[in-house]
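Have a look at target_5.txt below; it lists compact mmCIF, N, CA and C atoms.
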```txt
# COMPACT_ATOMS: atom_id res chain seq x y z
N MET A 1 29.79 26.47 13.66
CA MET A 1 28.61 27.06 14.24
C MET A 1 27.35 26.50 13.57
N LEU A 2 27.45 26.14 12.30
CA LEU A 2 26.29 25.55 11.63
C LEU A 2 25.91 24.22 12.26
N GLN A 3 26.90 23.51 12.77
CA GLN A 3 26.62 22.24 13.45
C GLN A 3 25.78 22.48 14.70
N TRP A 4 26.06 23.55 15.44
CA TRP A 4 25.27 23.87 16.63
C TRP A 4 23.83 24.22 16.27
N ILE A 5 23.65 24.89 15.15
CA ILE A 5 22.29 25.22 14.71
C ILE A 5 21.50 23.94 14.45
N LEU A 6 22.12 23.01 13.75
CA LEU A 6 21.44 21.74 13.47
C LEU A 6 21.16 20.95 14.74
N ILE A 7 22.08 20.99 15.70
CA ILE A 7 21.87 20.29 16.96
C ILE A 7 20.69 20.88 17.71
N PHE A 8 20.63 22.21 17.81
CA PHE A 8 19.52 22.84 18.53
C PHE A 8 18.19 22.63 17.81
N LEU A 9 18.19 22.60 16.47
CA LEU A 9 16.96 22.32 15.74
C LEU A 9 16.50 20.88 15.96
N ALA A 10 17.44 19.95 16.04
CA ALA A 10 17.09 18.55 16.31
C ALA A 10 16.53 18.40 17.72
N ILE A 11 17.15 19.08 18.69
CA ILE A 11 16.65 19.05 20.06
C ILE A 11 15.24 19.62 20.12
N ALA A 12 15.01 20.71 19.41
CA ALA A 12 13.69 21.32 19.39
C ALA A 12 12.66 20.38 18.78
N ALA A 13 13.02 19.70 17.72
CA ALA A 13 12.08 18.78 17.06
C ALA A 13 11.74 17.60 17.97
N VAL A 14 12.74 17.01 18.59
CA VAL A 14 12.50 15.87 19.47
C VAL A 14 11.71 16.29 20.70
N ALA A 15 12.07 17.42 21.28
CA ALA A 15 11.35 17.90 22.46
C ALA A 15 9.90 18.22 22.12
N SER A 16 9.67 18.75 20.93
CA SER A 16 8.31 19.06 20.51
C SER A 16 7.49 17.77 20.35
N LEU A 17 8.10 16.75 19.77
CA LEU A 17 7.40 15.48 19.60
C LEU A 17 7.07 14.83 20.95
N LEU A 18 7.93 15.02 21.93
CA LEU A 18 7.73 14.41 23.25
C LEU A 18 6.87 15.28 24.16
N GLY A 19 6.52 16.48 23.72
CA GLY A 19 5.64 17.32 24.50
C GLY A 19 6.31 18.30 25.43
N PHE A 20 7.60 18.45 25.34
CA PHE A 20 8.33 19.41 26.18
C PHE A 20 8.36 20.75 25.46
N ARG A 21 7.29 21.51 25.61
CA ARG A 21 7.14 22.74 24.85
C ARG A 21 8.15 23.80 25.26
N GLY A 22 8.49 23.86 26.54
CA GLY A 22 9.45 24.86 27.00
C GLY A 22 10.84 24.63 26.43
N VAL A 23 11.27 23.38 26.46
CA VAL A 23 12.59 23.04 25.93
C VAL A 23 12.61 23.25 24.41
N ALA A 24 11.51 22.88 23.75
CA ALA A 24 11.44 23.04 22.29
C ALA A 24 11.51 24.52 21.91
N GLY A 25 10.79 25.36 22.64
CA GLY A 25 10.81 26.79 22.35
C GLY A 25 12.17 27.42 22.61
N ALA A 26 12.79 27.01 23.71
CA ALA A 26 14.12 27.55 24.03
C ALA A 26 15.15 27.13 22.99
N SER A 27 15.11 25.87 22.59
CA SER A 27 16.07 25.38 21.60
C SER A 27 15.86 26.05 20.25
N ALA A 28 14.61 26.23 19.86
CA ALA A 28 14.34 26.91 18.60
C ALA A 28 14.78 28.37 18.66
N GLY A 29 14.60 29.01 19.81
CA GLY A 29 15.04 30.39 19.97
C GLY A 29 16.55 30.53 19.87
N ILE A 30 17.27 29.59 20.48
CA ILE A 30 18.74 29.61 20.39
C ILE A 30 19.17 29.40 18.95
N ALA A 31 18.50 28.48 18.24
CA ALA A 31 18.84 28.24 16.84
C ALA A 31 18.60 29.48 16.00
N LYS A 32 17.52 30.21 16.27
CA LYS A 32 17.25 31.45 15.52
C LYS A 32 18.34 32.48 15.75
N VAL A 33 18.77 32.63 16.99
CA VAL A 33 19.84 33.59 17.30
C VAL A 33 21.13 33.19 16.59
N LEU A 34 21.46 31.91 16.61
CA LEU A 34 22.68 31.45 15.95
C LEU A 34 22.61 31.66 14.44
N ILE A 35 21.44 31.43 13.84
CA ILE A 35 21.29 31.69 12.40
C ILE A 35 21.53 33.16 12.11
N PHE A 36 20.98 34.04 12.94
CA PHE A 36 21.19 35.48 12.75
C PHE A 36 22.67 35.84 12.86
N VAL A 37 23.36 35.28 13.85
CA VAL A 37 24.79 35.55 14.04
C VAL A 37 25.59 35.09 12.83
N VAL A 38 25.29 33.90 12.32
CA VAL A 38 26.00 33.38 11.15
C VAL A 38 25.77 34.28 9.94
N LEU A 39 24.53 34.73 9.74
CA LEU A 39 24.25 35.61 8.60
C LEU A 39 24.99 36.94 8.72
N VAL A 40 25.03 37.50 9.91
CA VAL A 40 25.74 38.78 10.11
C VAL A 40 27.23 38.61 9.84
N ILE A 41 27.81 37.54 10.36
CA ILE A 41 29.24 37.29 10.14
C ILE A 41 29.52 37.08 8.65
N PHE A 42 28.62 36.35 7.97
CA PHE A 42 28.79 36.11 6.54
C PHE A 42 28.73 37.41 5.75
N ILE A 43 27.78 38.27 6.06
CA ILE A 43 27.64 39.54 5.34
C ILE A 43 28.85 40.44 5.60
N ILE A 44 29.32 40.49 6.83
CA ILE A 44 30.51 41.29 7.14
C ILE A 44 31.73 40.76 6.40
N ALA A 45 31.89 39.43 6.36
CA ALA A 45 33.02 38.85 5.64
C ALA A 45 32.91 39.10 4.15
N LEU A 46 31.70 39.10 3.63
CA LEU A 46 31.49 39.34 2.20
C LEU A 46 31.88 40.77 1.84
N PHE A 47 31.47 41.74 2.64
CA PHE A 47 31.81 43.13 2.35
C PHE A 47 33.27 43.45 2.65
N ALA A 48 33.87 42.75 3.59
CA ALA A 48 35.27 42.99 3.91
C ALA A 48 36.22 42.36 2.90
N GLY A 49 35.70 41.48 2.06
CA GLY A 49 36.54 40.87 1.05
C GLY A 49 37.16 39.56 1.44
N PHE A 50 36.76 39.01 2.57
CA PHE A 50 37.30 37.72 3.00
C PHE A 50 36.70 36.58 2.19
N ILE A 51 35.48 36.78 1.69
CA ILE A 51 34.81 35.78 0.86
C ILE A 51 34.64 36.39 -0.53
N VAL A 52 35.15 35.70 -1.53
CA VAL A 52 35.06 36.21 -2.89
C VAL A 52 34.06 35.35 -3.64
N VAL A 53 33.05 36.01 -4.19
CA VAL A 53 32.04 35.33 -4.99
C VAL A 53 32.35 35.60 -6.45
N ALA A 54 32.63 34.54 -7.17
CA ALA A 54 33.02 34.71 -8.58
C ALA A 54 31.84 34.59 -9.50
```
Rewritten as structure tokens:
Amino acid sequence: MLQWILIFLAIAAVASLLGFRGVAGASAGIAKVLIFVVLVIFIIALFAGFIVVA
């Protein structure tokens, strides 16, 4: 899922440079949602004990 975040951020950056503001905004929005999803899954896994921090 982290790979998808980087892909959408790259699309947003290129679209922004080329002047496609709608595509850049949509791609950045999708990346923000994916970052939030990854953080929630990480926190749930941390509290459930699937990830052990030593």
* 6 Å contact set for range 21-34 of chain A, all atoms listed in the file, chain neighbours under 5 positions out, as a VMD selection string -> chain A and resid 5 8 to 9 11 to 13 15 to 16 39
Any chance you can output those residues with N, CA and C atoms as a PDB file, in the coordinates of the input?
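In the end it all went to out17.pdb:
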```pdb
ATOM      1  N   ILE A   5      23.650  24.890  15.150  1.00  0.00           N
ATOM      2  CA  ILE A   5      22.290  25.220  14.710  1.00  0.00           C
ATOM      3  C   ILE A   5      21.500  23.940  14.450  1.00  0.00           C
ATOM      4  N   PHE A   8      20.630  22.210  17.810  1.00  0.00           N
ATOM      5  CA  PHE A   8      19.520  22.840  18.530  1.00  0.00           C
ATOM      6  C   PHE A   8      18.190  22.630  17.810  1.00  0.00           C
ATOM      7  N   LEU A   9      18.190  22.600  16.470  1.00  0.00           N
ATOM      8  CA  LEU A   9      16.960  22.320  15.740  1.00  0.00           C
ATOM      9  C   LEU A   9      16.500  20.880  15.960  1.00  0.00           C
ATOM     10  N   ILE A  11      17.150  19.080  18.690  1.00  0.00           N
ATOM     11  CA  ILE A  11      16.650  19.050  20.060  1.00  0.00           C
ATOM     12  C   ILE A  11      15.240  19.620  20.120  1.00  0.00           C
ATOM     13  N   ALA A  12      15.010  20.710  19.410  1.00  0.00           N
ATOM     14  CA  ALA A  12      13.690  21.320  19.390  1.00  0.00           C
ATOM     15  C   ALA A  12      12.660  20.380  18.780  1.00  0.00           C
ATOM     16  N   ALA A  13      13.020  19.700  17.720  1.00  0.00           N
ATOM     17  CA  ALA A  13      12.080  18.780  17.060  1.00  0.00           C
ATOM     18  C   ALA A  13      11.740  17.600  17.970  1.00  0.00           C
ATOM     19  N   ALA A  15      12.070  17.420  21.280  1.00  0.00           N
ATOM     20  CA  ALA A  15      11.350  17.900  22.460  1.00  0.00           C
ATOM     21  C   ALA A  15       9.900  18.220  22.120  1.00  0.00           C
ATOM     22  N   SER A  16       9.670  18.750  20.930  1.00  0.00           N
ATOM     23  CA  SER A  16       8.310  19.060  20.510  1.00  0.00           C
ATOM     24  C   SER A  16       7.490  17.770  20.350  1.00  0.00           C
ATOM     25  N   LEU A  39      24.530  34.730   9.740  1.00  0.00           N
ATOM     26  CA  LEU A  39      24.250  35.610   8.600  1.00  0.00           C
ATOM     27  C   LEU A  39      24.990  36.940   8.720  1.00  0.00           C
TER      28      LEU A  39
END
```
* What does the distance from atom C of Ile41 in chain A to CA of Trp4 in chain A come to in Å, to one decimal? -> 16.0 Å
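For the atom pair formed by CA of Phe36 in chain A and CA of Ala54 in chain A, the distance is 24.4 Å, given to one decimal.
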* Asked: So how far away is atom C of Leu6 in chain A from atom N of Ala48 in chain A, in Å?
  -> 27.6 Å
* Residue list (alpha helix (DSSP H), DSSP) for chain A, as number ranges by chain -> A: 2-18, 21-48
Complete the atoms of range 17-39 of chain A to N, CA, C and O atoms and put them out as a short mmCIF file (atom, residue, chain, number, x, y, z; two decimals), keeping the file's coordinate frame.
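Final output, saved to result.cif:
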```cif
data_model
loop_
_atom_site.label_atom_id
_atom_site.label_comp_id
_atom_site.auth_asym_id
_atom_site.auth_seq_id
_atom_site.Cartn_x
_atom_site.Cartn_y
_atom_site.Cartn_z
N LEU A 17 8.10 16.75 19.77
CA LEU A 17 7.40 15.48 19.60
C LEU A 17 7.07 14.83 20.95
O LEU A 17 6.05 14.16 21.08
N LEU A 18 7.93 15.02 21.93
CA LEU A 18 7.73 14.41 23.25
C LEU A 18 6.87 15.28 24.16
O LEU A 18 6.56 14.86 25.28
N GLY A 19 6.52 16.48 23.72
CA GLY A 19 5.64 17.32 24.50
C GLY A 19 6.31 18.30 25.43
O GLY A 19 5.65 18.92 26.26
N PHE A 20 7.60 18.45 25.34
CA PHE A 20 8.33 19.41 26.18
C PHE A 20 8.36 20.75 25.46
O PHE A 20 9.33 21.11 24.79
N ARG A 21 7.29 21.51 25.61
CA ARG A 21 7.14 22.74 24.85
C ARG A 21 8.15 23.80 25.26
O ARG A 21 8.61 24.57 24.42
N GLY A 22 8.49 23.86 26.54
CA GLY A 22 9.45 24.86 27.00
C GLY A 22 10.84 24.63 26.43
O GLY A 22 11.51 25.56 25.96
N VAL A 23 11.27 23.38 26.46
CA VAL A 23 12.59 23.04 25.93
C VAL A 23 12.61 23.25 24.41
O VAL A 23 13.59 23.76 23.87
N ALA A 24 11.51 22.88 23.75
CA ALA A 24 11.44 23.04 22.29
C ALA A 24 11.51 24.52 21.91
O ALA A 24 12.22 24.89 20.97
N GLY A 25 10.79 25.36 22.64
CA GLY A 25 10.81 26.79 22.35
C GLY A 25 12.17 27.42 22.61
O GLY A 25 12.64 28.25 21.83
N ALA A 26 12.79 27.01 23.71
CA ALA A 26 14.12 27.55 24.03
C ALA A 26 15.15 27.13 22.99
O ALA A 26 15.97 27.95 22.54
N SER A 27 15.11 25.87 22.59
CA SER A 27 16.07 25.38 21.60
C SER A 27 15.86 26.05 20.25
O SER A 27 16.82 26.41 19.57
N ALA A 28 14.61 26.23 19.86
CA ALA A 28 14.34 26.91 18.60
C ALA A 28 14.78 28.37 18.66
O ALA A 28 15.30 28.91 17.67
N GLY A 29 14.60 29.01 19.81
CA GLY A 29 15.04 30.39 19.97
C GLY A 29 16.55 30.53 19.87
O GLY A 29 17.06 31.45 19.22
N ILE A 30 17.27 29.59 20.48
CA ILE A 30 18.74 29.61 20.39
C ILE A 30 19.17 29.40 18.95
O ILE A 30 20.10 30.06 18.46
N ALA A 31 18.50 28.48 18.24
CA ALA A 31 18.84 28.24 16.84
C ALA A 31 18.60 29.48 16.00
O ALA A 31 19.40 29.81 15.11
N LYS A 32 17.52 30.21 16.27
CA LYS A 32 17.25 31.45 15.52
C LYS A 32 18.34 32.48 15.75
O LYS A 32 18.79 33.15 14.82
N VAL A 33 18.77 32.63 16.99
CA VAL A 33 19.84 33.59 17.30
C VAL A 33 21.13 33.19 16.59
O VAL A 33 21.82 34.04 16.01
N LEU A 34 21.46 31.91 16.61
CA LEU A 34 22.68 31.45 15.95
C LEU A 34 22.61 31.66 14.44
O LEU A 34 23.61 32.01 13.81
N ILE A 35 21.44 31.43 13.84
CA ILE A 35 21.29 31.69 12.40
C ILE A 35 21.53 33.16 12.11
O ILE A 35 22.22 33.51 11.14
N PHE A 36 20.98 34.04 12.94
CA PHE A 36 21.19 35.48 12.75
C PHE A 36 22.67 35.84 12.86
O PHE A 36 23.20 36.60 12.05
N VAL A 37 23.36 35.28 13.85
CA VAL A 37 24.79 35.55 14.04
C VAL A 37 25.59 35.09 12.83
O VAL A 37 26.47 35.81 12.34
N VAL A 38 25.29 33.90 12.32
CA VAL A 38 26.00 33.38 11.15
C VAL A 38 25.77 34.28 9.94
O VAL A 38 26.70 34.57 9.20
N LEU A 39 24.53 34.73 9.74
CA LEU A 39 24.25 35.61 8.60
C LEU A 39 24.99 36.94 8.72
O LEU A 39 25.52 37.46 7.73
#
```
